[in-house]
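Peer 1: For reference, the structure I am asking about is given below.
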Amino acid sequence: MDIPRPYLIFLGDVPDALAAKTGLGVVDWRRDWCVGQWRLPGCKADAKLTDMEAAEAAAKGAKTMVVGAVNAGGVLPEHWVDSILAALDAGLNVATGLHSRLSDVPAIRERAAEKGLSLFDVRHSPVKFATGKGNKRTGRRLLTVGTDCSVGKKYTALALETGMRDKGFDADFKATGQTGVLISGRGVAIDAVVADFISGAVEWLTPDADPKHWDLVEGQGSLFHPSFAGVSLGLLHGAQPDAFVVCHEPTRTNMRGVKTPLPTIQQVIDLTVTCGRLTNPDIRCVGIAVNTEHLDDAAAHTVLAETAAAHGLPAVDPIRTGVGPIVDKIAADFGR
């Protein structure tokens with residue numbers, strides 16, 4: 001999938017930044033690919049780009065409008081259709097990570113065909129996956145796991161890619177979500193894969209490699225989340241990780257979108273090891289990534305210090321402090 005860029009990031013009228021995490025994630029990691037953002041009235045998310053509509057973005061060189069906002073169920077809201085049609089009329093391709101396909105909307109499908117433009121449904125892979133086999137593969141793999149969804153698993157994996165490469169590792173980010181695919185230009189949106197083939201899709205994404213190569217696999221959901229645990233478990237078995245990093249947001253009490261209490265970090269470590277041993281008996285935790293966005297500096301460093309002491313593992317915030325201590329732990333445990 002080769003999506004033309006630069007991008008116009010469409011944020012719609014989402015109620016908060018989490019609902020715009022696709023667009024914000026693209027901007028955070030590929031800001032040079034983005035010419036502006038398009039927000040509808042009432043939008044509460046801001047990617048800190050210049051606000052513009054489709055025609056202005058096209059005049060500034062944009063090639064594709066990325067629908068960077070999501071809602072529960074990944075359905076395209078009807079009132080966004082006019083904006084997508086306007087983008088097509090302005091000569092922009094359209095890409096989305098929603099579960100619903102752009103081409104399933106007759107007006108969008110027909111307008112794209114009329115204009116000779118492309119519709120990119122990033123969440124839907126054209127590859128036919130086999131079921132997972134669990135056979136040992138060469139190379140090393142690291143998986144980011146979470147105490148909840150939307151706690152920084154993608155950001156942690158991307159930060160580790162940069163940090164490990166800076167220290168001489170051969171390491172690649174492996175995207176398993178729509179935002180990661182837009183950021184990296186490759187990957188599989190694992191939550192859109194039929195359940196029987198989830199582990200097989202991750203095996204396909206992380207095949208045999210050089211013994212010193214690291215695939216850094218973006219985690220999804222949480223083994224403790226009643227909505228997404230099935231996806232998380234299939235991803236864990238398919239990734240066959242040698243190492244994992246637990247991602248955590250310390251100000252939450254319940255898991256996002258449900259009433260289920262947040263598990264502890266230790267519970268996540270223990271269950272990940274128990275389940276992960278099915279495909280890799282040597283799986284181990286190498287660090288904890290804490291999202292301290294809602295804490296001031298003093299509170300953030302206190303939480304990181306206490307978390308590291310409690311678990312005997314490096315605890316970092318990939319954005320605030322960087323991932324250096326986790327990279328050092330990987331080097332100490334596995335070498336380069």
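The chains in the structure tokens are called A, B, ... from first to last as shown; in each chain the residues are counted from 1, and the ligands are counted from 1 in the order shown.
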If we count only C-alpha atoms, what is near Ala309 of chain A at a cut-off of 12 Å, once residues fewer than 6 positions away on the same chain are taken out, given as a ChimeraX atom specification?
Peer 2: /A:287-288,302-303,315
Peer 1: Could you give me, as a PyMOL selection string, the residues within 6 Å of Leu11 of chain A, counting only C-alpha atoms and dropping anything in the same chain fewer than 6 positions from it?
Peer 2: chain A and resi 39+68-69
Peer 1: Taking 3 positions as the minimum chain separation for residues in the same chain, which residues sit within 9 Å of Thr131 of chain A when counting only C-alpha atoms? Answer as an MDAnalysis selection string.
Peer 2: chainID A and resid 196:201
Peer 1: Could you make a table, as CSV, of the residues of segment 20-104 of chain A that have an atom within 12 Å of an atom of segment 133-157 of chain A, each with its nearest atom pair and distance in Å to one decimal, counting only C-alpha atoms, in chain and number order?
Peer 2:
```
residue,atom,partner,partner_atom,distance
A:Ala20,CA,A:Ser150,CA,11.3
A:Lys21,CA,A:Ser150,CA,8.6
A:Thr22,CA,A:Lys154,CA,10.7
A:Leu24,CA,A:Tyr155,CA,11.3
A:Gly25,CA,A:Tyr155,CA,8.2
A:Val26,CA,A:Tyr155,CA,10.8
A:Asp28,CA,A:Tyr155,CA,9.3
A:Trp29,CA,A:Tyr155,CA,8.9
```
Peer 1: Do you know which residues are at most 9 Å from segment 47-54 of chain A counting only C-alpha atoms, after dropping those on the same chain fewer than 4 positions away, and could you put them as a ChimeraX atom specification?
Peer 2: /A:8-11,17,20,23-24,27-28,31,34-39,58-59,62,65,83-84,86-92
Peer 1: List as a ChimeraX atom specification the protein and nucleic acid residues near Lys329 of chain A, meaning an atom at most 9 Å away when only C-alpha atoms are counted, but skip any in the same chain fewer than 6 places from it.
Peer 2: /A:286-287,313-314
Peer 1: Please produce a file of the residues just selected, as a compact mmCIF listing (two decimals), in the first residue's frame, where the atoms kept are N, CA, C and O atoms.
Peer 2:
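Listed below is the output, part36.txt:
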```
# COMPACT_ATOMS: atom_id res chain seq x y z
N VAL A 286 11.32 -6.51 30.06
CA VAL A 286 12.58 -5.76 30.09
C VAL A 286 12.37 -4.31 30.50
O VAL A 286 13.34 -3.54 30.57
N GLY A 287 11.13 -3.91 30.78
CA GLY A 287 10.94 -2.53 31.20
C GLY A 287 9.48 -2.14 31.26
O GLY A 287 8.59 -2.89 30.84
N LEU A 313 12.85 -3.10 37.48
CA LEU A 313 12.98 -2.94 36.04
C LEU A 313 13.09 -1.45 35.70
O LEU A 313 12.58 -0.61 36.44
N PRO A 314 13.73 -1.10 34.59
CA PRO A 314 13.74 0.31 34.20
C PRO A 314 12.33 0.80 33.90
O PRO A 314 11.55 0.12 33.25
```
Peer 1: Can you list, as number ranges by chain, every residue of segment 103-195 of chain A that DSSP puts in strand (DSSP E)?
Peer 2: A: 119-121, 140-146, 170-174
Peer 1: Could you dump the residues just selected with all heavy atoms as a short mmCIF file (atom, residue, chain, number, x, y, z; two decimals), in the first residue's frame?
Peer 2:
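The result, stored in part-v6.cif:
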```cif
data_model
loop_
_atom_site.label_atom_id
_atom_site.label_comp_id
_atom_site.auth_asym_id
_atom_site.auth_seq_id
_atom_site.Cartn_x
_atom_site.Cartn_y
_atom_site.Cartn_z
N LEU A 119 -8.94 5.32 -2.97
CA LEU A 119 -9.42 5.21 -1.60
C LEU A 119 -8.60 4.14 -0.89
O LEU A 119 -8.51 3.01 -1.37
CB LEU A 119 -10.90 4.79 -1.60
CG LEU A 119 -11.86 5.72 -2.34
CD1 LEU A 119 -13.26 5.12 -2.37
CD2 LEU A 119 -11.90 7.12 -1.71
N PHE A 120 -8.00 4.50 0.23
CA PHE A 120 -7.13 3.59 0.97
C PHE A 120 -7.79 3.22 2.29
O PHE A 120 -7.92 4.06 3.19
CB PHE A 120 -5.76 4.23 1.23
CG PHE A 120 -4.99 4.56 -0.02
CD1 PHE A 120 -5.04 5.83 -0.57
CD2 PHE A 120 -4.22 3.59 -0.64
CE1 PHE A 120 -4.33 6.14 -1.72
CE2 PHE A 120 -3.51 3.89 -1.79
CZ PHE A 120 -3.56 5.16 -2.33
N ASP A 121 -8.23 1.98 2.41
CA ASP A 121 -8.79 1.47 3.66
C ASP A 121 -7.67 0.72 4.38
O ASP A 121 -7.50 -0.49 4.20
CB ASP A 121 -9.98 0.56 3.38
CG ASP A 121 -11.16 1.34 2.83
OD1 ASP A 121 -11.64 2.25 3.52
OD2 ASP A 121 -11.59 1.05 1.69
N ARG A 140 15.08 -11.80 16.83
CA ARG A 140 14.53 -11.40 18.14
C ARG A 140 13.28 -10.56 17.94
O ARG A 140 13.14 -9.84 16.94
CB ARG A 140 15.56 -10.56 18.90
CG ARG A 140 16.85 -11.29 19.25
CD ARG A 140 16.62 -12.31 20.35
NE ARG A 140 17.88 -12.83 20.89
CZ ARG A 140 17.97 -13.78 21.79
NH1 ARG A 140 16.87 -14.33 22.28
NH2 ARG A 140 19.13 -14.19 22.23
N ARG A 141 12.39 -10.62 18.92
CA ARG A 141 11.15 -9.85 18.86
C ARG A 141 10.82 -9.26 20.22
O ARG A 141 11.03 -9.92 21.24
CB ARG A 141 9.99 -10.73 18.38
CG ARG A 141 10.11 -11.09 16.92
CD ARG A 141 9.31 -12.30 16.50
NE ARG A 141 9.79 -12.75 15.20
CZ ARG A 141 10.84 -13.58 15.05
NH1 ARG A 141 11.46 -14.08 16.11
NH2 ARG A 141 11.27 -13.90 13.84
N LEU A 142 10.32 -8.04 20.20
CA LEU A 142 9.85 -7.37 21.40
C LEU A 142 8.42 -6.91 21.15
O LEU A 142 8.11 -6.39 20.08
CB LEU A 142 10.74 -6.18 21.74
CG LEU A 142 10.36 -5.37 23.00
CD1 LEU A 142 11.62 -4.83 23.69
CD2 LEU A 142 9.41 -4.20 22.68
N LEU A 143 7.56 -7.11 22.14
CA LEU A 143 6.16 -6.70 22.05
C LEU A 143 5.86 -5.70 23.15
O LEU A 143 6.26 -5.89 24.31
CB LEU A 143 5.25 -7.92 22.20
CG LEU A 143 3.74 -7.67 22.24
CD1 LEU A 143 3.24 -7.16 20.89
CD2 LEU A 143 3.00 -8.96 22.64
N THR A 144 5.14 -4.63 22.82
CA THR A 144 4.65 -3.72 23.85
C THR A 144 3.25 -4.18 24.26
O THR A 144 2.40 -4.45 23.40
CB THR A 144 4.61 -2.27 23.35
OG1 THR A 144 3.89 -2.19 22.11
CG2 THR A 144 6.02 -1.75 23.14
N VAL A 145 3.02 -4.31 25.56
CA VAL A 145 1.72 -4.73 26.09
C VAL A 145 1.22 -3.65 27.04
O VAL A 145 1.97 -2.76 27.43
CB VAL A 145 1.83 -6.10 26.81
CG1 VAL A 145 2.40 -7.16 25.89
CG2 VAL A 145 2.69 -5.98 28.07
N GLY A 146 -0.05 -3.72 27.44
CA GLY A 146 -0.59 -2.63 28.23
C GLY A 146 -1.46 -3.05 29.39
O GLY A 146 -2.07 -4.12 29.38
N ASP A 170 20.07 -3.53 15.08
CA ASP A 170 19.31 -3.70 13.85
C ASP A 170 17.86 -3.93 14.28
O ASP A 170 17.50 -5.01 14.75
CB ASP A 170 19.85 -4.91 13.08
CG ASP A 170 19.04 -5.23 11.83
OD1 ASP A 170 18.26 -4.37 11.39
OD2 ASP A 170 19.19 -6.35 11.30
N ALA A 171 17.02 -2.90 14.18
CA ALA A 171 15.67 -2.96 14.75
C ALA A 171 14.67 -2.27 13.84
O ALA A 171 14.96 -1.21 13.28
CB ALA A 171 15.65 -2.31 16.14
N ASP A 172 13.50 -2.86 13.72
CA ASP A 172 12.43 -2.30 12.89
C ASP A 172 11.10 -2.31 13.64
O ASP A 172 10.74 -3.32 14.26
CB ASP A 172 12.25 -3.11 11.61
CG ASP A 172 13.37 -2.91 10.62
OD1 ASP A 172 13.83 -1.76 10.47
OD2 ASP A 172 13.79 -3.91 9.99
N PHE A 173 10.38 -1.20 13.55
CA PHE A 173 9.02 -1.10 14.07
C PHE A 173 8.08 -1.92 13.20
O PHE A 173 8.13 -1.83 11.97
CB PHE A 173 8.59 0.36 14.10
CG PHE A 173 7.13 0.60 14.39
CD1 PHE A 173 6.64 0.43 15.68
CD2 PHE A 173 6.26 1.01 13.39
CE1 PHE A 173 5.29 0.67 15.96
CE2 PHE A 173 4.93 1.25 13.66
CZ PHE A 173 4.43 1.08 14.94
N LYS A 174 7.21 -2.71 13.81
CA LYS A 174 6.22 -3.50 13.09
C LYS A 174 4.83 -3.06 13.50
O LYS A 174 4.40 -3.28 14.64
CB LYS A 174 6.41 -5.00 13.37
CG LYS A 174 7.75 -5.56 12.88
CD LYS A 174 7.82 -5.57 11.36
CE LYS A 174 9.11 -6.18 10.86
NZ LYS A 174 9.13 -6.35 9.39
#
```
Peer 1: Mind the document's chain letters and residue numbers, and return as a PyMOL selection string the residues of segment 27-247 of chain A that DSSP labels alpha helix (DSSP H).
Peer 2: chain A and resi 27-29+54-59+81-89+106-115+153-166+178-184+198-205+229-239
Peer 1: Counting only C-alpha atoms, figure out which residue out of A:Phe224, A:Trp204, A:Trp214, A:Phe244 gets nearest to Lys259 of chain A.
Peer 2: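 Closest to Lys259 of chain A of all the choices is A:Phe224.
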Peer 1: Just to confirm, what's the straight-line distance from atom CA of Glu114 of chain A to atom CA of Asn93 of chain A in Å (one decimal)?
Peer 2: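 If I compute the distance from atom CA of Glu114 of chain A to atom CA of Asn93 of chain A, I get 12.2 Å.
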Peer 1: Find, counting only C-alpha atoms, the residue in A:Glu249, A:Gly312, A:Ser100, A:Arg277 that gets nearest to Ala300 of chain A.
Peer 2: A:Glu249
Peer 1: Nearest to Ala19 of chain A among A:Leu262, A:Val268, A:Leu85, A:Leu98, with distances taken over only C-alpha atoms: which residue is it?
Peer 2: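 Smallest separation from Ala19 of chain A among the options: A:Leu98.
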Peer 1: In terms of the shortest atom-to-atom distance over only C-alpha atoms, which of A:Val122, A:Cys247, A:Leu236, A:Ile108 is closest to Ala192 of chain A?
Peer 2: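 Ranking A:Val122, A:Cys247, A:Leu236, A:Ile108 by distance to Ala192 of chain A, first place goes to A:Val122.
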Peer 1: Taking into account only C-alpha atoms, which residue in the set A:Gly180, A:Gly168, A:Gly74, A:Pro241 is nearest to Asp215 of chain A?
Peer 2: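 Once distances to Asp215 of chain A are computed over only C-alpha atoms, the minimum belongs to A:Pro241.
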Peer 1: Looking at only C-alpha atoms, which of A:Leu233, A:Ala130, A:Leu271, A:Ile330 is the one that sits closest to Glu203 of chain A?
Peer 2: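 Answer, going by the shortest atom-to-atom distance: A:Ala130.
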Peer 1: Just to confirm, what's the straight-line distance from atom CA of Leu278 of chain A to atom CA of His213 of chain A in Å (one decimal)?
Peer 2: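 The value is 22.0 Å.
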Peer 1: Name the residues in contact with segment 280-283 of chain A at a cut-off of 6 Å, using only C-alpha atoms, excluding same-chain residues fewer than 4 positions from it; report them as a list in words.
Peer 2: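 Result of the neighbour search: Gln240, Asp242 and Ala243 of chain A.
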Peer 1: Kindly give the distance, in Å, that separates atom CA of Lys63 of chain A and atom CA of Val14 of chain A, rounded to a single decimal.
Peer 2: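 So the two atoms, atom CA of Lys63 of chain A and atom CA of Val14 of chain A, lie 23.3 Å apart.
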